[in-house]
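Trainee: The file below is upload19.cif, mmCIF, C-alpha atoms:
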data_model
loop_
_atom_site.group_PDB
_atom_site.id
_atom_site.type_symbol
_atom_site.label_atom_id
_atom_site.label_comp_id
_atom_site.auth_asym_id
_atom_site.auth_seq_id
_atom_site.Cartn_x
_atom_site.Cartn_y
_atom_site.Cartn_z
ATOM 1 C CA MET A 5 59.167 103.674 116.998
ATOM 2 C CA ASN A 6 58.908 100.076 115.965
ATOM 3 C CA PHE A 7 61.423 98.053 113.988
ATOM 4 C CA PHE A 8 59.854 99.059 110.677
ATOM 5 C CA ASP A 9 60.110 102.765 111.501
ATOM 6 C CA PHE A 10 63.792 102.422 112.397
ATOM 7 C CA SER A 11 64.408 100.629 109.118
ATOM 8 C CA PHE A 12 62.828 103.579 107.311
ATOM 9 C CA VAL A 13 64.941 106.066 109.265
ATOM 10 C CA ALA A 14 68.137 104.090 108.621
ATOM 11 C CA GLU A 15 67.494 104.128 104.878
ATOM 12 C CA ASN A 16 66.347 107.751 104.617
ATOM 13 C CA LEU A 17 68.272 109.788 107.177
ATOM 14 C CA GLU A 18 70.023 112.866 105.779
ATOM 15 C CA ASN A 19 73.301 112.335 107.612
ATOM 16 C CA SER A 20 75.959 114.145 105.597
ATOM 17 C CA ASP A 21 76.647 116.773 108.272
ATOM 18 C CA LEU A 22 76.260 114.576 111.345
ATOM 19 C CA TYR A 23 79.151 113.776 113.687
ATOM 20 C CA GLY A 24 77.543 113.154 117.093
ATOM 21 C CA SER A 25 77.090 109.638 118.426
ATOM 22 C CA ASP A 26 73.450 110.381 119.313
ATOM 23 C CA SER A 27 72.734 110.683 115.582
ATOM 24 C CA SER A 28 73.669 107.100 114.761
ATOM 25 C CA VAL A 29 70.578 104.994 114.100
ATOM 26 C CA ALA A 30 72.136 102.181 116.131
ATOM 27 C CA ASN A 31 72.427 104.366 119.228
ATOM 28 C CA MET A 32 68.914 105.730 118.793
ATOM 29 C CA TYR A 33 67.519 102.206 118.798
ATOM 30 C CA LEU A 34 69.821 100.602 121.353
ATOM 31 C CA LEU A 35 69.696 103.375 123.964
ATOM 32 C CA GLN A 36 65.988 104.185 123.798
ATOM 33 C CA ASN A 37 65.245 102.245 126.986
ATOM 34 C CA LYS A 38 68.204 103.705 128.878
ATOM 35 C CA TYR A 39 67.090 107.283 128.177
ATOM 36 C CA ASN A 40 63.354 106.610 127.812
ATOM 37 C CA THR A 41 63.561 108.206 124.360
ATOM 38 C CA GLN A 42 60.399 109.102 122.489
ATOM 39 C CA PHE A 43 60.517 109.236 118.688
ATOM 40 C CA LYS A 44 58.074 110.822 116.277
ATOM 41 C CA ILE A 45 58.210 111.360 112.523
ATOM 42 C CA LYS A 46 56.296 114.414 111.344
ATOM 43 C CA LYS A 47 56.500 115.766 107.785
ATOM 44 C CA ASN A 48 59.782 113.910 107.188
ATOM 45 C CA VAL A 49 61.306 115.311 110.377
ATOM 46 C CA LEU A 50 62.487 112.950 113.110
ATOM 47 C CA LEU A 51 61.847 114.335 116.598
ATOM 48 C CA ARG A 52 63.678 112.748 119.547
ATOM 49 C CA TYR A 53 62.872 113.531 123.177
ATOM 50 C CA TYR A 54 65.247 112.205 125.861
ATOM 51 C CA THR A 55 64.422 111.790 129.528
ATOM 52 C CA GLY A 56 67.387 111.563 131.885
ATOM 53 C CA ASN A 57 69.524 113.890 133.975
ATOM 54 C CA GLU A 58 69.263 117.644 133.387
ATOM 55 C CA ASN A 59 71.851 117.506 130.609
ATOM 56 C CA ARG A 60 70.070 114.532 129.010
ATOM 57 C CA THR A 61 66.472 115.764 129.110
ATOM 58 C CA GLY A 62 64.961 117.493 126.113
ATOM 59 C CA TYR A 63 64.759 117.408 122.356
ATOM 60 C CA ALA A 64 67.843 116.435 120.403
ATOM 61 C CA PHE A 65 68.482 118.305 117.174
ATOM 62 C CA PRO A 66 65.656 117.484 114.715
ATOM 63 C CA LEU A 67 66.856 115.198 111.933
ATOM 64 C CA PHE A 68 65.595 115.375 108.392
ATOM 65 C CA LEU A 69 64.538 112.439 106.258
ATOM 66 C CA MET A 70 64.770 112.204 102.491
ATOM 67 C CA GLY A 71 61.701 112.124 100.286
ATOM 68 C CA SER A 72 60.070 115.469 100.985
ATOM 69 C CA ASP A 73 58.305 117.020 98.017
ATOM 70 C CA LEU A 74 58.923 120.490 99.425
ATOM 71 C CA PRO A 75 62.024 122.244 97.960
ATOM 72 C CA LEU A 76 63.104 123.913 101.198
ATOM 73 C CA SER A 77 66.382 125.594 102.034
ATOM 74 C CA SER A 78 68.284 124.506 105.167
ATOM 75 C CA ASP A 79 66.991 127.573 106.992
ATOM 76 C CA GLU A 80 63.381 126.867 105.997
ATOM 77 C CA LYS A 81 63.721 123.196 106.944
ATOM 78 C CA LEU A 82 64.921 124.105 110.433
ATOM 79 C CA ARG A 83 62.088 126.598 110.817
ATOM 80 C CA LEU A 84 59.605 123.844 109.918
ATOM 81 C CA ALA A 85 61.313 121.433 112.306
ATOM 82 C CA LEU A 86 61.142 123.912 115.193
ATOM 83 C CA GLU A 87 57.465 124.546 114.484
ATOM 84 C CA LEU A 88 56.834 120.818 114.713
ATOM 85 C CA LEU A 89 58.932 120.607 117.861
ATOM 86 C CA PHE A 90 57.008 123.430 119.565
ATOM 87 C CA GLU A 91 53.710 121.793 118.548
ATOM 88 C CA ASP A 92 54.842 118.458 119.951
ATOM 89 C CA ALA A 93 55.876 120.032 123.249
ATOM 90 C CA ALA A 94 52.457 121.662 123.541
ATOM 91 C CA GLU A 95 50.699 118.372 122.758
ATOM 92 C CA GLU A 96 52.775 116.536 125.347
ATOM 93 C CA LYS A 97 52.387 119.386 127.869
ATOM 94 C CA ARG A 98 56.146 119.676 128.380
ATOM 95 C CA GLU A 99 58.455 122.670 128.386
ATOM 96 C CA VAL A 100 60.720 123.054 125.372
ATOM 97 C CA ARG A 101 64.205 121.890 126.260
ATOM 98 C CA PHE A 102 67.168 120.806 124.162
ATOM 99 C CA CYS A 103 69.969 118.333 124.871
ATOM 100 C CA LEU A 104 72.937 116.764 123.058
ATOM 101 C CA ILE A 105 73.221 119.822 120.795
ATOM 102 C CA THR A 106 76.567 120.483 119.099
ATOM 103 C CA GLN A 107 78.037 123.974 118.762
ATOM 104 C CA GLU A 108 77.070 124.125 115.084
ATOM 105 C CA GLN A 109 73.518 122.952 115.829
ATOM 106 C CA LYS A 110 73.298 125.442 118.702
ATOM 107 C CA ASN A 111 74.252 128.264 116.340
ATOM 108 C CA GLN A 112 71.626 127.140 113.827
ATOM 109 C CA ILE A 113 68.907 127.004 116.491
ATOM 110 C CA ASP A 114 69.849 130.423 117.887
ATOM 111 C CA SER A 115 69.868 131.962 114.406
ATOM 112 C CA CYS A 116 66.493 130.439 113.522
ATOM 113 C CA LEU A 117 64.905 131.571 116.783
ATOM 114 C CA ASP A 118 66.313 135.054 116.367
ATOM 115 C CA ARG A 119 64.914 135.288 112.844
ATOM 116 C CA TYR A 120 61.518 133.653 113.222
ATOM 117 C CA TYR A 121 60.798 133.393 116.970
ATOM 118 C CA SER A 122 62.391 136.516 118.409
ATOM 119 C CA GLU A 123 60.301 136.216 121.583
ATOM 120 C CA HIS A 124 62.202 133.018 122.440
ATOM 121 C CA ARG A 125 65.793 132.355 123.401
ATOM 122 C CA VAL A 126 67.644 129.366 124.838
ATOM 123 C CA SER A 127 69.618 129.517 128.066
ATOM 124 C CA TRP A 128 72.450 127.180 127.071
ATOM 125 C CA LYS A 129 74.717 125.160 129.343
ATOM 126 C CA THR A 130 77.285 122.479 128.650
ATOM 127 C CA ASN A 131 78.567 119.389 130.447
ATOM 128 C CA ARG A 132 82.083 118.206 129.598
ATOM 129 C CA ASP A 133 81.023 114.610 130.352
ATOM 130 C CA ASP A 134 78.786 114.621 127.247
ATOM 131 C CA SER A 135 81.497 115.562 124.736
ATOM 132 C CA ASP A 136 82.250 113.034 121.991
ATOM 133 C CA TYR A 137 85.859 112.164 121.160
ATOM 134 C CA ILE A 138 86.464 112.102 117.415
ATOM 135 C CA TYR A 139 89.674 110.816 115.836
ATOM 136 C CA LEU A 140 91.158 110.633 112.367
ATOM 137 C CA GLN A 141 90.970 107.032 111.153
ATOM 138 C CA LYS A 142 94.481 107.420 109.766
ATOM 139 C CA ASN A 143 95.890 108.297 113.197
ATOM 140 C CA LEU A 144 94.226 105.326 114.897
ATOM 141 C CA SER A 145 95.438 102.905 112.243
ATOM 142 C CA GLU A 146 98.979 104.218 111.801
ATOM 143 C CA LEU A 147 99.725 105.621 115.310
ATOM 144 C CA PRO A 148 102.196 108.130 113.843
ATOM 145 C CA GLY A 149 104.855 110.238 115.545
ATOM 146 C CA SER A 150 105.810 110.882 119.124
ATOM 147 C CA ASN A 151 102.197 111.436 120.238
ATOM 148 C CA TYR A 152 101.513 107.726 119.803
ATOM 149 C CA GLN A 153 104.806 106.294 121.041
ATOM 150 C CA LYS A 154 103.194 104.810 124.163
ATOM 151 C CA LYS A 155 100.493 103.142 122.061
ATOM 152 C CA ARG A 156 103.122 101.613 119.806
ATOM 153 C CA ASN A 157 104.954 100.429 122.917
ATOM 154 C CA HIS A 158 101.788 98.706 124.159
ATOM 155 C CA ILE A 159 101.441 96.900 120.842
ATOM 156 C CA SER A 160 105.123 95.923 120.842
ATOM 157 C CA ARG A 161 104.699 94.457 124.316
ATOM 158 C CA PHE A 162 101.660 92.519 123.122
ATOM 159 C CA ASN A 163 103.638 91.105 120.195
ATOM 160 C CA ARG A 164 106.576 90.159 122.428
ATOM 161 C CA ILE A 165 104.238 88.202 124.708
ATOM 162 C CA TYR A 166 102.050 86.492 122.119
ATOM 163 C CA GLY A 167 104.244 86.461 119.021
ATOM 164 C CA THR A 168 102.145 85.144 116.147
ATOM 165 C CA ASP A 169 99.682 83.324 118.392
ATOM 166 C CA TRP A 170 96.917 85.876 117.865
ATOM 167 C CA GLU A 171 94.662 87.072 115.054
ATOM 168 C CA PHE A 172 91.938 89.600 114.371
ATOM 169 C CA LYS A 173 88.767 88.673 112.499
ATOM 170 C CA LEU A 174 86.312 91.140 111.009
ATOM 171 C CA TYR A 175 82.543 91.014 111.488
ATOM 172 C CA PRO A 176 80.231 90.391 109.641
ATOM 173 C CA GLN A 177 82.703 89.087 107.050
ATOM 174 C CA ASN A 178 83.351 86.206 109.463
ATOM 175 C CA ASP A 179 80.700 84.232 111.338
ATOM 176 C CA ILE A 180 81.849 85.315 114.802
ATOM 177 C CA LYS A 181 78.645 86.630 116.390
ATOM 178 C CA ALA A 182 78.913 84.024 119.158
ATOM 179 C CA ASP A 183 82.463 85.139 119.963
ATOM 180 C CA LEU A 184 81.478 88.827 120.076
ATOM 181 C CA LEU A 185 78.808 87.907 122.588
ATOM 182 C CA ALA A 186 81.128 85.596 124.551
ATOM 183 C CA VAL A 187 83.623 88.426 125.182
ATOM 184 C CA SER A 188 80.786 90.770 126.159
ATOM 185 C CA GLU A 189 79.334 88.274 128.629
ATOM 186 C CA THR A 190 82.722 87.500 130.181
ATOM 187 C CA TRP A 191 83.434 91.215 130.569
ATOM 188 C CA PHE A 192 79.958 91.668 132.101
ATOM 189 C CA LYS A 193 80.635 88.953 134.705
ATOM 190 C CA GLU A 194 84.065 90.385 135.523
ATOM 191 C CA LYS A 195 82.426 93.771 136.216
ATOM 192 C CA ASP A 196 79.732 92.176 138.430
ATOM 193 C CA GLY A 197 77.211 93.325 135.873
ATOM 194 C CA GLU A 198 74.246 91.544 137.439
ATOM 195 C CA ASN A 199 74.312 94.166 140.208
ATOM 196 C CA ASN A 200 74.644 97.112 137.826
ATOM 197 C CA HIS A 201 71.486 98.181 136.003
ATOM 198 C CA ALA A 202 73.379 100.193 133.367
ATOM 199 C CA LEU A 203 75.601 97.221 132.501
ATOM 200 C CA CYS A 204 72.560 94.945 132.297
ATOM 201 C CA LEU A 205 70.988 97.335 129.781
ATOM 202 C CA GLU A 206 74.258 97.489 127.846
ATOM 203 C CA LEU A 207 74.606 93.713 127.577
ATOM 204 C CA GLU A 208 71.019 93.454 126.408
ATOM 205 C CA SER A 209 71.694 96.153 123.812
ATOM 206 C CA ILE A 210 74.692 94.191 122.485
ATOM 207 C CA LYS A 211 72.464 91.151 122.010
ATOM 208 C CA ILE A 212 69.864 93.272 120.193
ATOM 209 C CA ALA A 213 72.563 94.844 118.021
ATOM 210 C CA LEU A 214 73.920 91.465 116.969
ATOM 211 C CA GLU A 215 70.428 90.258 116.078
ATOM 212 C CA ASN A 216 69.907 93.325 113.878
ATOM 213 C CA GLN A 217 73.283 93.632 112.157
ATOM 214 C CA LYS A 218 71.847 94.633 108.783
ATOM 215 C CA LEU A 219 69.521 97.292 110.192
ATOM 216 C CA PHE A 220 72.414 99.080 111.889
ATOM 217 C CA ASN A 221 74.974 98.361 109.142
ATOM 218 C CA LEU A 222 76.969 96.973 112.046
ATOM 219 C CA ARG A 223 80.622 96.044 111.678
ATOM 220 C CA GLY A 224 83.302 95.068 114.155
ATOM 221 C CA GLY A 225 85.725 92.337 115.038
ATOM 222 C CA VAL A 226 87.205 89.962 117.577
ATOM 223 C CA LEU A 227 90.799 89.663 118.762
ATOM 224 C CA TYR A 228 91.756 86.029 119.342
ATOM 225 C CA ILE A 229 94.640 84.965 121.581
ATOM 226 C CA HIS A 230 95.688 81.296 121.635
ATOM 227 C CA GLY A 231 92.658 80.715 119.404
ATOM 228 C CA LYS A 232 90.212 82.034 121.996
ATOM 229 C CA PRO A 233 88.192 85.285 121.842
ATOM 230 C CA ALA A 234 89.905 87.898 124.023
ATOM 231 C CA ALA A 235 88.507 91.295 122.941
ATOM 232 C CA MET A 236 85.706 92.653 120.759
ATOM 233 C CA THR A 237 84.524 95.826 119.097
ATOM 234 C CA LEU A 238 81.287 96.859 117.360
ATOM 235 C CA ALA A 239 80.582 100.030 115.395
ATOM 236 C CA SER A 240 77.928 101.606 113.198
ATOM 237 C CA PRO A 241 78.126 104.522 110.722
ATOM 238 C CA ILE A 242 76.865 107.957 111.650
ATOM 239 C CA SER A 243 77.461 109.085 108.064
ATOM 240 C CA ASP A 244 79.561 108.051 105.089
ATOM 241 C CA THR A 245 82.605 109.655 106.699
ATOM 242 C CA VAL A 246 82.086 109.079 110.448
ATOM 243 C CA LEU A 247 82.020 105.672 112.151
ATOM 244 C CA ASP A 248 80.625 105.394 115.680
ATOM 245 C CA VAL A 249 82.481 102.869 117.865
ATOM 246 C CA ILE A 250 79.709 101.788 120.217
ATOM 247 C CA TYR A 251 81.263 98.865 122.100
ATOM 248 C CA GLU A 252 84.834 97.838 122.861
ATOM 249 C CA LYS A 253 85.522 95.143 125.465
ATOM 250 C CA SER A 254 88.520 93.093 126.544
ATOM 251 C CA ILE A 255 88.731 90.170 128.927
ATOM 252 C CA PHE A 256 90.615 91.399 131.978
ATOM 253 C CA GLU A 257 93.628 89.082 131.852
ATOM 254 C CA TYR A 258 94.685 90.535 128.480
ATOM 255 C CA GLU A 259 94.252 94.237 129.307
ATOM 256 C CA LYS A 260 97.702 94.681 130.852
ATOM 257 C CA ASP A 261 99.294 93.135 127.767
ATOM 258 C CA GLY A 262 97.826 95.737 125.401
ATOM 259 C CA SER A 263 94.686 94.066 124.059
ATOM 260 C CA TYR A 264 92.766 97.337 123.838
ATOM 261 C CA ALA A 265 95.529 99.051 121.862
ATOM 262 C CA VAL A 266 95.724 96.094 119.482
ATOM 263 C CA ILE A 267 92.027 95.724 118.750
ATOM 264 C CA ASN A 268 91.654 99.491 118.386
ATOM 265 C CA GLN A 269 94.394 99.618 115.753
ATOM 266 C CA GLN A 270 93.445 96.410 113.956
ATOM 267 C CA PHE A 271 89.846 97.541 113.526
ATOM 268 C CA ALA A 272 90.852 101.048 112.397
ATOM 269 C CA LYS A 273 93.177 99.591 109.759
ATOM 270 C CA ARG A 274 90.227 97.820 108.173
ATOM 271 C CA CYS A 275 87.950 100.866 108.104
ATOM 272 C CA GLU A 276 89.865 103.084 105.694
ATOM 273 C CA THR A 277 86.676 104.213 103.929
ATOM 274 C CA PHE A 278 85.840 106.386 106.960
ATOM 275 C CA LEU A 279 87.605 109.667 107.645
ATOM 276 C CA TYR A 280 86.712 109.825 111.340
ATOM 277 C CA PHE A 281 86.034 107.505 114.262
ATOM 278 C CA ASN A 282 83.649 108.780 116.955
ATOM 279 C CA ARG A 283 84.548 106.935 120.162
ATOM 280 C CA GLU A 284 81.752 108.614 122.141
ATOM 281 C CA GLU A 285 81.837 110.362 125.521
ATOM 282 C CA ASP A 286 83.750 109.570 128.726
ATOM 283 C CA MET A 287 80.712 110.008 131.040
ATOM 284 C CA GLY A 288 82.941 111.835 133.507
ATOM 285 C CA ILE A 289 84.897 108.684 134.371
ATOM 286 C CA GLU A 290 88.450 109.831 135.088
ATOM 287 C CA GLY A 291 90.206 106.718 133.777
ATOM 288 C CA LEU A 292 88.108 106.655 130.624
ATOM 289 C CA ARG A 293 88.769 110.337 129.979
ATOM 290 C CA LYS A 294 92.501 109.795 130.353
ATOM 291 C CA ALA A 295 92.393 106.846 127.941
ATOM 292 C CA LYS A 296 90.398 108.761 125.323
ATOM 293 C CA LEU A 297 92.664 111.800 125.542
ATOM 294 C CA SER A 298 95.729 109.583 125.163
ATOM 295 C CA TYR A 299 94.654 108.807 121.589
ATOM 296 C CA LYS A 300 94.833 112.529 120.733
ATOM 297 C CA PRO A 301 91.337 113.313 119.438
ATOM 298 C CA SER A 302 91.110 115.581 116.416
ATOM 299 C CA ILE A 303 87.794 116.930 117.688
ATOM 300 C CA ILE A 304 86.237 117.031 121.145
ATOM 301 C CA LEU A 305 82.624 117.516 120.119
ATOM 302 C CA GLU A 306 81.023 119.625 122.830
ATOM 303 C CA LYS A 307 77.312 119.101 123.558
ATOM 304 C CA PHE A 308 74.928 121.742 124.918
ATOM 305 C CA PHE A 309 71.604 121.616 126.729
ATOM 306 C CA GLY A 310 69.112 124.238 127.800
ATOM 307 C CA ARG A 311 65.498 125.356 127.977
ATOM 308 C CA VAL A 312 63.649 127.770 125.736
ATOM 309 C CA GLU A 313 62.642 130.937 127.554
#
As structure tokens, please, write out the structure in this file.
Mentor:
Amino acid sequence: MNFFDFSFVAENLENSDLYGSDSSVANMYLLQNKYNTQFKIKKNVLLRYYTGNENRTGYAFPLFLMGSDLPLSSDEKLRLALELLFEDAAEEKREVRFCLITQEQKNQIDSCLDRYYSEHRVSWKTNRDDSDYIYLQKNLSELPGSNYQKKRNHISRFNRIYGTDWEFKLYPQNDIKADLLAVSETWFKEKDGENNHALCLELESIKIALENQKLFNLRGGVLYIHGKPAAMTLASPISDTVLDVIYEKSIFEYEKDGSYAVINQQFAKRCETFLYFNREEDMGIEGLRKAKLSYKPSIILEKFFGRVE
């Protein structure tokens, strides 16, 4: 899809029941090159086909756009969407596969197939690496109780070291796009990003995101230490209640002092209109999984994949 199509999707997506990071318009746009994603809009249904590893190849759950003149029930809408999906697979001469499907979406697909396409069934599998970590905004902002004692300790250490010589600025309320990019580029160099294709794609996606802030309804912030940008975060809504934290970076020298804990909390405090934060998957990286679990997710959103038989 081109820029205009994504603008239409962003303005018309029916997103009230969406929690998964793959359903954020920002991620659809920014990760399309990474996963060679194909998008099609048919009869106000958005079809997405991913091409990646086994667990990342197939159709994501069809998303519905507003504006249809047909008064369809949820069950009838999914039946229509699956018809369009089967037709698209036939046109593209590909087998029907699904990926990034939540438990609730899996149940809906199974029920619809059983009712209308009884000759078909899906052989489902799951990969723990794909699960999204979802947190209550209130917990991230307040860090309550014994579960978050270590996080509060990290922030106390940060305050002992830097005192009042730090501040957090929100984006886009402040003109700090250059500082968001500066942290990202420094982090990229520290990780030897030029020799890592995935990190090259990520840095490019950050630049694209910042150039299209309004399209993605992007918001975020920068943590400044001694007046210099030290850490950044960028997020985009999945729905009115769920905010997807897409990027969070800290310059290495501040990590040990608690910069990640500070920027995480400072940003959450300023996003009280959202009930949940989706901080995305851990990609099977042991350290990242440990860090995400340490914030005590309210939901670990499991994702399924499989082929239609």
Trainee: Report the centre and edge lengths, in Å to one decimal, of an axis-aligned box enclosing every atom of range 105-112 of chain A listed in the file, padded by 3 Å on each side, as JSON.
Mentor:
{"center_x": 74.8, "center_y": 124.0, "center_z": 117.3, "size_x": 12.4, "size_y": 14.4, "size_z": 13.0}
Trainee: Under the PyMOL selection byres ((chain A and resi 137-140) around 10), which residues of this model are included? Write them out as a PDB file with C-alpha atoms, keeping the file's coordinate frame.
Mentor:
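Listing of result-v9.pdb after writing:
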ATOM      1  CA  TYR A  23      79.151 113.776 113.687  1.00  0.00           C
ATOM      2  CA  GLY A  24      77.543 113.154 117.093  1.00  0.00           C
ATOM      3  CA  SER A  25      77.090 109.638 118.426  1.00  0.00           C
ATOM      4  CA  ASP A 134      78.786 114.621 127.247  1.00  0.00           C
ATOM      5  CA  SER A 135      81.497 115.562 124.736  1.00  0.00           C
ATOM      6  CA  ASP A 136      82.250 113.034 121.991  1.00  0.00           C
ATOM      7  CA  GLN A 141      90.970 107.032 111.153  1.00  0.00           C
ATOM      8  CA  LYS A 142      94.481 107.420 109.766  1.00  0.00           C
ATOM      9  CA  ASN A 143      95.890 108.297 113.197  1.00  0.00           C
ATOM     10  CA  LEU A 144      94.226 105.326 114.897  1.00  0.00           C
ATOM     11  CA  SER A 145      95.438 102.905 112.243  1.00  0.00           C
ATOM     12  CA  VAL A 246      82.086 109.079 110.448  1.00  0.00           C
ATOM     13  CA  LEU A 247      82.020 105.672 112.151  1.00  0.00           C
ATOM     14  CA  ASP A 248      80.625 105.394 115.680  1.00  0.00           C
ATOM     15  CA  ALA A 272      90.852 101.048 112.397  1.00  0.00           C
ATOM     16  CA  PHE A 278      85.840 106.386 106.960  1.00  0.00           C
ATOM     17  CA  LEU A 279      87.605 109.667 107.645  1.00  0.00           C
ATOM     18  CA  TYR A 280      86.712 109.825 111.340  1.00  0.00           C
ATOM     19  CA  PHE A 281      86.034 107.505 114.262  1.00  0.00           C
ATOM     20  CA  ASN A 282      83.649 108.780 116.955  1.00  0.00           C
ATOM     21  CA  ARG A 283      84.548 106.935 120.162  1.00  0.00           C
ATOM     22  CA  GLU A 284      81.752 108.614 122.141  1.00  0.00           C
ATOM     23  CA  GLU A 285      81.837 110.362 125.521  1.00  0.00           C
ATOM     24  CA  ASP A 286      83.750 109.570 128.726  1.00  0.00           C
ATOM     25  CA  ARG A 293      88.769 110.337 129.979  1.00  0.00           C
ATOM     26  CA  LYS A 296      90.398 108.761 125.323  1.00  0.00           C
ATOM     27  CA  LEU A 297      92.664 111.800 125.542  1.00  0.00           C
ATOM     28  CA  TYR A 299      94.654 108.807 121.589  1.00  0.00           C
ATOM     29  CA  LYS A 300      94.833 112.529 120.733  1.00  0.00           C
ATOM     30  CA  PRO A 301      91.337 113.313 119.438  1.00  0.00           C
ATOM     31  CA  SER A 302      91.110 115.581 116.416  1.00  0.00           C
ATOM     32  CA  ILE A 303      87.794 116.930 117.688  1.00  0.00           C
ATOM     33  CA  ILE A 304      86.237 117.031 121.145  1.00  0.00           C
ATOM     34  CA  LEU A 305      82.624 117.516 120.119  1.00  0.00           C
ATOM     35  CA  GLU A 306      81.023 119.625 122.830  1.00  0.00           C
TER      36      GLU A 306
END
Trainee: Just say which residues the PyMOL selection byres ((chain A and resi 188) around 12) picks in this file, as a PyMOL selection string.
Mentor: chain A and resi 181-187+189-195+197+203-204+206-211+214+226+233-238+251-256
Trainee: Give me the residues near Tyr54 in chain A as a ChimeraX atom specification, where near means some atom within 7 Å (using all atoms listed in the file) and where sequence neighbours in that chain fewer than 5 positions away do not count.
Mentor: /A:39-42,60-63
Trainee: Using all atoms listed in the file, which residues sit within 7 Å of range 16-20 of chain A once same-chain residues fewer than 4 positions away are excluded, as a JSON list (two decimals) with C-alpha atoms, keeping the file's coordinate frame?
Mentor:
[["chain", "number", "residue", "atom", "x", "y", "z"],
["A", 12, "PHE", "CA", 62.83, 103.58, 107.31],
["A", 68, "PHE", "CA", 65.60, 115.38, 108.39],
["A", 69, "LEU", "CA", 64.54, 112.44, 106.26],
["A", 70, "MET", "CA", 64.77, 112.20, 102.49],
["A", 242, "ILE", "CA", 76.86, 107.96, 111.65],
["A", 243, "SER", "CA", 77.46, 109.08, 108.06]]
Trainee: Assuming the chain letters and numbering stay as they are in my file, what does the PyMOL selection byres ((chain A and resi 123-133) around 6) actually select? List them as JSON, numbers by chain.
Mentor: {"A": [121, 122, 134, 135, 286, 287, 288, 308, 309, 310, 311, 312, 313]}
Trainee: I need the residues from that last selection saved to file as a compact mmCIF listing (two decimals), in the frame of the given file (with C-alpha atoms), if you can.
Mentor:
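So selection-v6.txt came out as:
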# COMPACT_ATOMS: atom_id res chain seq x y z
CA TYR A 121 60.80 133.39 116.97
CA SER A 122 62.39 136.52 118.41
CA ASP A 134 78.79 114.62 127.25
CA SER A 135 81.50 115.56 124.74
CA ASP A 286 83.75 109.57 128.73
CA MET A 287 80.71 110.01 131.04
CA GLY A 288 82.94 111.84 133.51
CA PHE A 308 74.93 121.74 124.92
CA PHE A 309 71.60 121.62 126.73
CA GLY A 310 69.11 124.24 127.80
CA ARG A 311 65.50 125.36 127.98
CA VAL A 312 63.65 127.77 125.74
CA GLU A 313 62.64 130.94 127.55
Trainee: Compare A:Leu88, A:Cys103, A:Leu219, A:Ala213 by their minimum atom-to-atom distance to Gly56 in chain A, counting only C-alpha atoms, and give me the closest one.
Mentor: A:Cys103
Trainee: May I ask which of the residues A:Tyr258, A:Phe10, A:Phe102, A:Tyr33 is the closest one to Pro66 in chain A, counting all atoms listed in the file?
Mentor: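 When distances to Pro66 in chain A are compared using all atoms listed in the file, the smallest one comes from A:Phe102.
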Trainee: Counting all atoms listed in the file, which of A:Ala202, A:Ser11, A:Asn157, A:Lys307 gets nearest to Ala64 in chain A?
Mentor: A:Lys307
Trainee: Would you compute the distance between CA of Lys218 in chain A and CA of Ser28 in chain A? Give it in Å to one decimal.
Mentor: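 So the two atoms, CA of Lys218 in chain A and CA of Ser28 in chain A, lie 13.9 Å apart.
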Trainee: Neighbours of Leu50 in chain A within 6 Å (all atoms listed in the file; same-chain residues fewer than 3 positions away dropped), as number ranges by chain?
Mentor: A: 44-45, 66-67
Trainee: Keeping only C-alpha atoms, write the selected residues as an mmCIF file, in the coordinates of the input.
Mentor:
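result_18.cif, freshly written:
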data_model
loop_
_atom_site.group_PDB
_atom_site.id
_atom_site.type_symbol
_atom_site.label_atom_id
_atom_site.label_comp_id
_atom_site.auth_asym_id
_atom_site.auth_seq_id
_atom_site.Cartn_x
_atom_site.Cartn_y
_atom_site.Cartn_z
ATOM 1 C CA LYS A 44 58.074 110.822 116.277
ATOM 2 C CA ILE A 45 58.210 111.360 112.523
ATOM 3 C CA PRO A 66 65.656 117.484 114.715
ATOM 4 C CA LEU A 67 66.856 115.198 111.933
#
Trainee: Taking into account only C-alpha atoms, which residue in the set A:Glu215, A:Leu22, A:Leu89, A:Ser240 is nearest to Leu51 in chain A?
Mentor: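 For Leu51 in chain A, the nearest of the given residues is A:Leu89.
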Trainee: May I ask which of the residues A:Ala93, A:Ala30, A:Leu82, A:Ile267 is the closest one to Lys173 in chain A, counting all atoms listed in the file?
Mentor: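 Counting all atoms listed in the file, the residue closest to Lys173 in chain A is A:Ile267.
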Trainee: So how far away is CA of Glu257 in chain A from CA of Trp170 in chain A, in Å?
Mentor: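 Computing it gives 14.7 Å between the two atoms.
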Trainee: How many Å separate CA of Gly167 in chain A from CA of Tyr264 in chain A?
Mentor: 16.5 Å
Trainee: For Thr277 in chain A, which residue out of A:Glu91, A:Ile165, A:Asp244, A:Ile289 is the nearest one, using all atoms listed in the file?
Mentor: A:Asp244
